[in-house]
Structure formats: C-alpha cells, structure tokens
Amino acid sequence: MSERSGNGASRAVVVGGGIGGLTAAAALIRRGWQVTVLERAAELRPVGAGIGLAPNGQRALDVIGLGGEIRALAAWQGDGGLRTPGGRWLSRTDPQAAAEAFGGSVVLLHRATLIGILAAALPAGTLRTAAAAELVECGGADRPAVVRTAEGDIEAELVVAADGIHSTLRKALFPTHPGTEYCGFTTWRVVVPHPGRPFAPHETWGPGRIWGTQPLKDGRVYAYAAARTRPGGRAVDGELAELLRLFGTWHDPIPAVLDAARDTDVLRNDVHRIAGALPAYHRGRVALIGDAAHAMAPSLGQGGNQAIEDAVVLAHHADPAGELAAGLARYSAERLPRTMDVAGRAERTARLTMLSNPVGIAARNSLIRAASTLGPQLMLRTFADIALWQPPRRPYADQARKQDTARRQETP
C-alpha cells in the first residue's frame, strides 16, 4: 500500500536521522513542507564522540533557530595550538584572532548533544526509527518519488538522501559512480572525565599519527587520534591498548587521558572519502546531502558543518510552492563546487598531517613555525573563507526571534 500526504501539503521524506538529515527536516518544515524522517536504527545513536561546529555551521543553524543554543555550549579553550609528540609548540592559538578571522569561535560538543537538540526541534511524529528505506522511484516532473519501507511505500514530492557515507540512495541514483575509497588512515575517538590537571587544548602531529585533546562544556574531555594503517584492522587486545602503544609516551596530558579511558569507550573507524565528485547532488526529486554526497577526510573538521550547510541551502531552494526541478538544480550548482573544494583541502591537510618521512616532517614543522612567527592571521587565512560562509536565507531565525522579543518588550 502506498502512503500519501493527506492534507494537501507537499511531502518530503528524509532518509537518515543523523546531523544532516535532522537539520534538513527542521529547515524544510520551516519552509512549509510536511516532513517524515526515516531512520534505520531502532534509536538515535550518534556515530562518534565529539564534533566541532565552526562559525559556518553555527550560522546555518541560525536559520532554524538553534545557533544561539549551540553557541551557549562553547567551552573556554584559552591558549592552545599545535605540538610535537615531545611537547614542543609548533604554533600557538590566539582565540581572539581566530574569532575575528572566522567570525566566531568553534564550539566543541558531544554528537549526542547535537542530535538531541536537533531532534527536539522537530514536531512529534516526524521521526520514525527502525524504519529502513530504499528508493523505488526517483520521480520526475509528472510523478512523485517513491520510498519503500517495511510498512509500505511512501510517495513524496521530495526525498532527501541523508543516509551517510555508504548511502544506498546514492548508489541507486548514480550506479556507475565508484562510491567511496579508503583515505589511508583510521581514527579513534573517546570522551573521558577531566584528567584533573589543567592543560592547553592542542593537536599533536607525529610520524604518520596525530592526537588531539579538547575540553567540553560539561567538564569532560574529548580526545581524537589518527594513524596510517591498513583498512579493517582491529587490535586483538583492544583499542585502548593500541592507543597506549601509539601515543602512551607522548607529552602530557595524553597519558593522563588514556589512563582515564576505558576500552569500551574507544571508538575506531576507518576513514573514507568520496572517490571523485558526483555528476550532481540531485536526480529527479531526490537530493543528496552530507556524507552521502561528499564524504571527506576529517582533517578540517568540516564534514558535519558541510552537511548542515547542505540542509539549509536545500531547504532554501526547495520551495514547496515553486518549481522543484529548478530549485534542486540550483542546490547542486551551489553546493557541489563548495563541498568539493572543502573536501580537496581536507585531503591535502590529511596528507600533510600524516607525513611519516623524517625529512618531510622536519620541513613541514619548520614551515609551520616560520608561518606562526609572522602572526596568527597567516596561519588562519587558509581556513577563513570556509568559516566565513553565509547562509542564503535571511533574516536568520535566531535573529528574527530576538527582534520579535525586543518589539514585544517595547510595546506599551
């Protein structure tokens, strides 16, 4: 049996209840769509531990009224920077200079917190869990798209493919595209109680390995690591033991963070990226967002931010009362070059961080130290045009809400 919209509103089905999918649902609802989110898992269980929301991602969340709530979760990070395994500083971070260059500060929070905030912004009944979905028909000008679930088919004027890096909807839309490929390294992530001693937030680059230690607002610490290794590997004695072998002798507070971790807390994931740009981010009535469209290396921390950008740009162009085909074409034209540019930069940064040749490492570190001595603006410039992105839809919901509150307070 086919399920149709029953109230005359244009229906959108979002496949995937991750960060991009939930943001898209909230943004589309604000545009007047009737939205259903189909999530395969029995409950929302975010993959990963921490996520950094850069100013561009925060501005995108302003569009759906959540930017202010996210900014309130910022943890004071003070002076930090980039170090060597022995503890030597290659460059120091000036938080004020970074905020001025990027138009704000990065907010680090747990992915579960972000997922909870996004899910709470949706009307009751929007999200269906334990709802695996497959694309039956991508639709066209004279016919809806059709998504199949265990409970029956759903017809929709718009389908948003937010089903992640191994997207089945992407494969259905572009069956000849090669999909994803291994980046050459794996990552580990863990959230632990604070080690009990003060430390400067840092990222540390070693031979073919990196480590990062960052504070969260709630007092815990988010740590992440990466190393060159073959895909599909697992440590026979546990991933915490593997981290101790790789990073246990590095500078403080790394040993203390590892001491505070439990093996069951450590997440390990091989890193994959999209193997070349897709022809477009849409086909028929289906639009791809997030990792389904442009999975990238995590080196710039932009994967989630780009998914959030995708969501609000898609909603901006997908006018439920307008010509959807033209709107989706504008979405692809706007998002494809930007996300591929960010993905390319992330890949180049990954190669730089994962150097293992001693001569190459020495040259890289010397360049970083030299650039750092010339001032923070030089170090920040390459990231600024990513972070300074502005969403297309204004006024932002956060700003509109504040303006409305101010007007009511001024009214006698």
# chains A, B, ... in the order shown; residues from 1 in each chain; ligands from 1
>>> residues_around(residues="stretch 342-356 of chain A", least_positions_apart="2", cutoff="9 Å", atoms="only C-alpha atoms", output="number ranges by chain")
A: 183, 185, 205-210, 226-228, 273-274, 294-303, 306, 337-340, 358-361, 364, 386
>>> residues_around(residues="A:Gly232", least_positions_apart="2", cutoff="7 Å", atoms="only C-alpha atoms", output="PyMOL selection string")
chain A and resi 230+234+270
>>> residues_around(residues="stretch 250-264 of chain A", least_positions_apart="6", cutoff="10 Å", atoms="only C-alpha atoms", output="MDAnalysis selection string")
chainID A and resid 83:88 190:202 204 206 211:213 221:223 237:244
>>> select_by_dssp(residues="stretch 182-266 of chain A", states="alpha helix (DSSP H)", output="list in words")
Glu239, Leu240, Ala241, Glu242, Leu243, Leu244, Arg245, Leu246, Phe247, Ile254, Pro255, Ala256, Val257, Leu258, Asp259 and Ala260 of chain A
>>> residues_around(residues="A:Ile64", least_positions_apart="3", cutoff="12 Å", atoms="only C-alpha atoms", output="ChimeraX atom specification")
/A:22-31,57-61,67-70,117-118,121-122,308-309,311-313,315-316,391,393-401
>>> write_last_selection(atoms="N, CA and C atoms", output="compact mmCIF listing (two decimals), in the first residue's frame")
# COMPACT_ATOMS: atom_id res chain seq x y z
N LEU A 22 18.46 15.49 10.21
CA LEU A 22 17.62 16.20 11.17
C LEU A 22 17.61 17.70 10.90
N THR A 23 18.76 18.25 10.50
CA THR A 23 18.79 19.67 10.15
C THR A 23 17.92 19.94 8.93
N ALA A 24 18.01 19.07 7.94
CA ALA A 24 17.19 19.22 6.74
C ALA A 24 15.71 19.16 7.09
N ALA A 25 15.33 18.24 7.97
CA ALA A 25 13.92 18.14 8.36
C ALA A 25 13.44 19.43 9.00
N ALA A 26 14.22 19.97 9.93
CA ALA A 26 13.83 21.20 10.60
C ALA A 26 13.74 22.36 9.62
N ALA A 27 14.69 22.45 8.70
CA ALA A 27 14.70 23.54 7.73
C ALA A 27 13.53 23.42 6.75
N LEU A 28 13.23 22.21 6.30
CA LEU A 28 12.13 22.02 5.36
C LEU A 28 10.78 22.30 6.01
N ILE A 29 10.62 21.94 7.27
CA ILE A 29 9.38 22.23 7.98
C ILE A 29 9.16 23.74 8.04
N ARG A 30 10.23 24.49 8.28
CA ARG A 30 10.12 25.95 8.31
C ARG A 30 9.72 26.51 6.94
N ARG A 31 10.00 25.78 5.89
CA ARG A 31 9.64 26.23 4.54
C ARG A 31 8.23 25.79 4.13
N GLY A 57 28.91 26.48 10.27
CA GLY A 57 27.86 25.58 10.70
C GLY A 57 26.90 26.24 11.68
N GLN A 58 27.44 27.08 12.56
CA GLN A 58 26.59 27.80 13.51
C GLN A 58 25.64 28.76 12.79
N ARG A 59 26.15 29.45 11.76
CA ARG A 59 25.28 30.36 11.01
C ARG A 59 24.17 29.59 10.29
N ALA A 60 24.51 28.40 9.79
CA ALA A 60 23.48 27.59 9.17
C ALA A 60 22.40 27.21 10.18
N LEU A 61 22.81 26.89 11.40
CA LEU A 61 21.84 26.55 12.44
C LEU A 61 21.04 27.76 12.90
N GLY A 67 21.19 28.30 16.46
CA GLY A 67 22.57 28.76 16.57
C GLY A 67 22.91 29.27 17.95
N GLY A 68 22.01 30.05 18.55
CA GLY A 68 22.28 30.59 19.88
C GLY A 68 22.43 29.51 20.92
N GLU A 69 21.58 28.48 20.85
CA GLU A 69 21.66 27.37 21.80
C GLU A 69 22.99 26.64 21.67
N ILE A 70 23.48 26.50 20.45
CA ILE A 70 24.76 25.83 20.24
C ILE A 70 25.91 26.70 20.78
N ILE A 117 19.47 18.04 20.43
CA ILE A 117 18.95 19.39 20.17
C ILE A 117 18.18 19.42 18.85
N LEU A 118 18.73 18.80 17.82
CA LEU A 118 18.07 18.78 16.52
C LEU A 118 16.76 17.99 16.56
N ALA A 121 13.84 19.76 18.09
CA ALA A 121 13.29 20.85 17.30
C ALA A 121 12.22 20.39 16.32
N LEU A 122 12.03 19.07 16.20
CA LEU A 122 11.05 18.53 15.24
C LEU A 122 9.71 18.27 15.92
N ILE A 308 25.31 20.36 7.48
CA ILE A 308 24.37 21.35 7.99
C ILE A 308 24.15 22.45 6.95
N GLU A 309 25.25 22.89 6.32
CA GLU A 309 25.12 23.87 5.23
C GLU A 309 24.21 23.31 4.12
N ALA A 311 21.87 21.23 4.25
CA ALA A 311 20.47 21.13 4.67
C ALA A 311 19.73 22.45 4.52
N VAL A 312 20.36 23.54 4.97
CA VAL A 312 19.66 24.82 4.92
C VAL A 312 19.64 25.38 3.50
N VAL A 313 20.68 25.11 2.71
CA VAL A 313 20.67 25.56 1.31
C VAL A 313 19.63 24.80 0.51
N ALA A 315 16.84 23.48 1.68
CA ALA A 315 15.53 23.98 2.07
C ALA A 315 15.26 25.35 1.45
N HIS A 316 16.28 26.17 1.33
CA HIS A 316 16.13 27.49 0.72
C HIS A 316 15.67 27.37 -0.73
N PRO A 391 24.73 31.74 5.10
CA PRO A 391 23.58 31.04 4.52
C PRO A 391 22.79 31.97 3.62
N ARG A 393 19.52 32.28 3.30
CA ARG A 393 18.19 32.70 3.78
C ARG A 393 18.31 33.61 4.98
N ARG A 394 17.78 34.83 4.88
CA ARG A 394 17.79 35.80 5.97
C ARG A 394 16.42 36.45 6.06
N PRO A 395 16.02 37.02 7.21
CA PRO A 395 16.83 37.05 8.43
C PRO A 395 16.91 35.67 9.07
N TYR A 396 17.94 35.43 9.82
CA TYR A 396 18.08 34.15 10.49
C TYR A 396 16.96 34.00 11.51
N ALA A 397 16.57 32.78 11.76
CA ALA A 397 15.50 32.53 12.73
C ALA A 397 15.90 33.02 14.11
N ASP A 398 17.15 32.82 14.52
CA ASP A 398 17.61 33.30 15.82
C ASP A 398 17.46 34.82 15.91
N GLN A 399 17.88 35.52 14.85
CA GLN A 399 17.80 36.98 14.85
C GLN A 399 16.35 37.44 14.83
N ALA A 400 15.52 36.79 14.03
CA ALA A 400 14.11 37.16 13.95
C ALA A 400 13.44 36.98 15.31
N ARG A 401 13.77 35.91 16.00
CA ARG A 401 13.17 35.67 17.30
C ARG A 401 13.59 36.74 18.30
>>> decode(residues="stretch 86-119 of chain A", atoms="N, CA, C and O atoms", output="PDB file, in the first residue's frame")
ATOM      1  N   GLY A  86      56.921  15.336  21.628  1.00  0.00           N
ATOM      2  CA  GLY A  86      57.678  15.646  22.831  1.00  0.00           C
ATOM      3  C   GLY A  86      57.151  16.832  23.600  1.00  0.00           C
ATOM      4  O   GLY A  86      57.622  17.121  24.696  1.00  0.00           O
ATOM      5  N   GLY A  87      56.172  17.535  23.037  1.00  0.00           N
ATOM      6  CA  GLY A  87      55.549  18.653  23.729  1.00  0.00           C
ATOM      7  C   GLY A  87      55.932  20.015  23.205  1.00  0.00           C
ATOM      8  O   GLY A  87      55.372  21.032  23.641  1.00  0.00           O
ATOM      9  N   ARG A  88      56.865  20.091  22.280  1.00  0.00           N
ATOM     10  CA  ARG A  88      57.264  21.391  21.756  1.00  0.00           C
ATOM     11  C   ARG A  88      56.126  22.014  20.960  1.00  0.00           C
ATOM     12  O   ARG A  88      55.466  21.340  20.172  1.00  0.00           O
ATOM     13  N   TRP A  89      55.924  23.319  21.151  1.00  0.00           N
ATOM     14  CA  TRP A  89      54.874  24.029  20.427  1.00  0.00           C
ATOM     15  C   TRP A  89      55.363  24.419  19.041  1.00  0.00           C
ATOM     16  O   TRP A  89      56.393  25.073  18.896  1.00  0.00           O
ATOM     17  N   LEU A  90      54.614  23.992  18.022  1.00  0.00           N
ATOM     18  CA  LEU A  90      54.904  24.430  16.661  1.00  0.00           C
ATOM     19  C   LEU A  90      54.212  25.757  16.362  1.00  0.00           C
ATOM     20  O   LEU A  90      54.726  26.592  15.622  1.00  0.00           O
ATOM     21  N   SER A  91      53.016  25.926  16.896  1.00  0.00           N
ATOM     22  CA  SER A  91      52.286  27.179  16.749  1.00  0.00           C
ATOM     23  C   SER A  91      51.329  27.303  17.915  1.00  0.00           C
ATOM     24  O   SER A  91      50.895  26.301  18.484  1.00  0.00           O
ATOM     25  N   ARG A  92      51.004  28.536  18.287  1.00  0.00           N
ATOM     26  CA  ARG A  92      50.075  28.796  19.374  1.00  0.00           C
ATOM     27  C   ARG A  92      48.819  29.461  18.826  1.00  0.00           C
ATOM     28  O   ARG A  92      48.880  30.232  17.874  1.00  0.00           O
ATOM     29  N   THR A  93      47.706  29.126  19.435  1.00  0.00           N
ATOM     30  CA  THR A  93      46.418  29.663  19.007  1.00  0.00           C
ATOM     31  C   THR A  93      46.097  30.924  19.794  1.00  0.00           C
ATOM     32  O   THR A  93      46.226  30.941  21.024  1.00  0.00           O
ATOM     33  N   ASP A  94      45.673  31.954  19.074  1.00  0.00           N
ATOM     34  CA  ASP A  94      45.168  33.169  19.693  1.00  0.00           C
ATOM     35  C   ASP A  94      43.651  33.141  19.517  1.00  0.00           C
ATOM     36  O   ASP A  94      43.145  33.386  18.420  1.00  0.00           O
ATOM     37  N   PRO A  95      42.889  32.811  20.576  1.00  0.00           N
ATOM     38  CA  PRO A  95      41.434  32.662  20.423  1.00  0.00           C
ATOM     39  C   PRO A  95      40.759  33.914  19.870  1.00  0.00           C
ATOM     40  O   PRO A  95      39.833  33.812  19.059  1.00  0.00           O
ATOM     41  N   GLN A  96      41.206  35.086  20.287  1.00  0.00           N
ATOM     42  CA  GLN A  96      40.591  36.317  19.803  1.00  0.00           C
ATOM     43  C   GLN A  96      40.852  36.508  18.315  1.00  0.00           C
ATOM     44  O   GLN A  96      39.958  36.875  17.552  1.00  0.00           O
ATOM     45  N   ALA A  97      42.092  36.238  17.900  1.00  0.00           N
ATOM     46  CA  ALA A  97      42.418  36.367  16.480  1.00  0.00           C
ATOM     47  C   ALA A  97      41.628  35.365  15.648  1.00  0.00           C
ATOM     48  O   ALA A  97      41.163  35.683  14.545  1.00  0.00           O
ATOM     49  N   ALA A  98      41.457  34.146  16.175  1.00  0.00           N
ATOM     50  CA  ALA A  98      40.688  33.136  15.449  1.00  0.00           C
ATOM     51  C   ALA A  98      39.230  33.561  15.314  1.00  0.00           C
ATOM     52  O   ALA A  98      38.621  33.425  14.245  1.00  0.00           O
ATOM     53  N   ALA A  99      38.656  34.078  16.395  1.00  0.00           N
ATOM     54  CA  ALA A  99      37.260  34.515  16.346  1.00  0.00           C
ATOM     55  C   ALA A  99      37.081  35.660  15.359  1.00  0.00           C
ATOM     56  O   ALA A  99      36.084  35.721  14.635  1.00  0.00           O
ATOM     57  N   GLU A 100      38.048  36.573  15.317  1.00  0.00           N
ATOM     58  CA  GLU A 100      37.962  37.696  14.379  1.00  0.00           C
ATOM     59  C   GLU A 100      38.109  37.215  12.941  1.00  0.00           C
ATOM     60  O   GLU A 100      37.423  37.703  12.038  1.00  0.00           O
ATOM     61  N   ALA A 101      39.000  36.252  12.720  1.00  0.00           N
ATOM     62  CA  ALA A 101      39.229  35.755  11.360  1.00  0.00           C
ATOM     63  C   ALA A 101      38.053  34.942  10.850  1.00  0.00           C
ATOM     64  O   ALA A 101      37.716  34.992   9.659  1.00  0.00           O
ATOM     65  N   PHE A 102      37.409  34.182  11.746  1.00  0.00           N
ATOM     66  CA  PHE A 102      36.359  33.259  11.329  1.00  0.00           C
ATOM     67  C   PHE A 102      34.957  33.809  11.560  1.00  0.00           C
ATOM     68  O   PHE A 102      33.973  33.176  11.185  1.00  0.00           O
ATOM     69  N   GLY A 103      34.837  34.952  12.213  1.00  0.00           N
ATOM     70  CA  GLY A 103      33.516  35.465  12.536  1.00  0.00           C
ATOM     71  C   GLY A 103      32.884  34.732  13.698  1.00  0.00           C
ATOM     72  O   GLY A 103      31.661  34.685  13.823  1.00  0.00           O
ATOM     73  N   GLY A 104      33.684  34.158  14.572  1.00  0.00           N
ATOM     74  CA  GLY A 104      33.190  33.416  15.732  1.00  0.00           C
ATOM     75  C   GLY A 104      34.157  32.314  16.097  1.00  0.00           C
ATOM     76  O   GLY A 104      35.160  32.083  15.416  1.00  0.00           O
ATOM     77  N   SER A 105      33.848  31.623  17.187  1.00  0.00           N
ATOM     78  CA  SER A 105      34.698  30.539  17.672  1.00  0.00           C
ATOM     79  C   SER A 105      34.082  29.181  17.361  1.00  0.00           C
ATOM     80  O   SER A 105      32.862  29.056  17.226  1.00  0.00           O
ATOM     81  N   VAL A 106      34.924  28.168  17.262  1.00  0.00           N
ATOM     82  CA  VAL A 106      34.441  26.794  17.094  1.00  0.00           C
ATOM     83  C   VAL A 106      33.827  26.326  18.410  1.00  0.00           C
ATOM     84  O   VAL A 106      34.386  26.559  19.480  1.00  0.00           O
ATOM     85  N   VAL A 107      32.673  25.699  18.330  1.00  0.00           N
ATOM     86  CA  VAL A 107      32.020  25.130  19.509  1.00  0.00           C
ATOM     87  C   VAL A 107      32.168  23.620  19.450  1.00  0.00           C
ATOM     88  O   VAL A 107      31.718  22.976  18.496  1.00  0.00           O
ATOM     89  N   LEU A 108      32.817  23.063  20.455  1.00  0.00           N
ATOM     90  CA  LEU A 108      33.008  21.616  20.522  1.00  0.00           C
ATOM     91  C   LEU A 108      31.965  21.031  21.461  1.00  0.00           C
ATOM     92  O   LEU A 108      31.813  21.505  22.595  1.00  0.00           O
ATOM     93  N   LEU A 109      31.251  20.023  21.009  1.00  0.00           N
ATOM     94  CA  LEU A 109      30.242  19.379  21.830  1.00  0.00           C
ATOM     95  C   LEU A 109      30.135  17.909  21.459  1.00  0.00           C
ATOM     96  O   LEU A 109      30.660  17.477  20.429  1.00  0.00           O
ATOM     97  N   HIS A 110      29.458  17.162  22.311  1.00  0.00           N
ATOM     98  CA  HIS A 110      29.256  15.747  22.022  1.00  0.00           C
ATOM     99  C   HIS A 110      28.206  15.616  20.928  1.00  0.00           C
ATOM    100  O   HIS A 110      27.221  16.351  20.897  1.00  0.00           O
ATOM    101  N   ARG A 111      28.418  14.662  20.037  1.00  0.00           N
ATOM    102  CA  ARG A 111      27.454  14.453  18.950  1.00  0.00           C
ATOM    103  C   ARG A 111      26.070  14.108  19.492  1.00  0.00           C
ATOM    104  O   ARG A 111      25.052  14.499  18.908  1.00  0.00           O
ATOM    105  N   ALA A 112      26.016  13.373  20.591  1.00  0.00           N
ATOM    106  CA  ALA A 112      24.723  13.029  21.166  1.00  0.00           C
ATOM    107  C   ALA A 112      23.969  14.285  21.596  1.00  0.00           C
ATOM    108  O   ALA A 112      22.741  14.357  21.473  1.00  0.00           O
ATOM    109  N   THR A 113      24.699  15.280  22.092  1.00  0.00           N
ATOM    110  CA  THR A 113      24.067  16.541  22.487  1.00  0.00           C
ATOM    111  C   THR A 113      23.462  17.238  21.268  1.00  0.00           C
ATOM    112  O   THR A 113      22.323  17.711  21.306  1.00  0.00           O
ATOM    113  N   LEU A 114      24.229  17.303  20.186  1.00  0.00           N
ATOM    114  CA  LEU A 114      23.741  17.958  18.979  1.00  0.00           C
ATOM    115  C   LEU A 114      22.539  17.215  18.399  1.00  0.00           C
ATOM    116  O   LEU A 114      21.531  17.835  18.016  1.00  0.00           O
ATOM    117  N   ILE A 115      22.616  15.900  18.335  1.00  0.00           N
ATOM    118  CA  ILE A 115      21.495  15.109  17.824  1.00  0.00           C
ATOM    119  C   ILE A 115      20.241  15.345  18.670  1.00  0.00           C
ATOM    120  O   ILE A 115      19.130  15.507  18.151  1.00  0.00           O
ATOM    121  N   GLY A 116      20.426  15.413  19.982  1.00  0.00           N
ATOM    122  CA  GLY A 116      19.291  15.657  20.863  1.00  0.00           C
ATOM    123  C   GLY A 116      18.658  17.015  20.626  1.00  0.00           C
ATOM    124  O   GLY A 116      17.420  17.145  20.622  1.00  0.00           O
ATOM    125  N   ILE A 117      19.465  18.038  20.426  1.00  0.00           N
ATOM    126  CA  ILE A 117      18.950  19.385  20.167  1.00  0.00           C
ATOM    127  C   ILE A 117      18.185  19.418  18.851  1.00  0.00           C
ATOM    128  O   ILE A 117      17.091  19.994  18.754  1.00  0.00           O
ATOM    129  N   LEU A 118      18.734  18.796  17.817  1.00  0.00           N
ATOM    130  CA  LEU A 118      18.075  18.781  16.517  1.00  0.00           C
ATOM    131  C   LEU A 118      16.763  17.994  16.559  1.00  0.00           C
ATOM    132  O   LEU A 118      15.743  18.431  16.018  1.00  0.00           O
ATOM    133  N   ALA A 119      16.785  16.845  17.210  1.00  0.00           N
ATOM    134  CA  ALA A 119      15.574  16.018  17.282  1.00  0.00           C
ATOM    135  C   ALA A 119      14.471  16.729  18.063  1.00  0.00           C
ATOM    136  O   ALA A 119      13.289  16.635  17.709  1.00  0.00           O
TER     137      ALA A 119
END
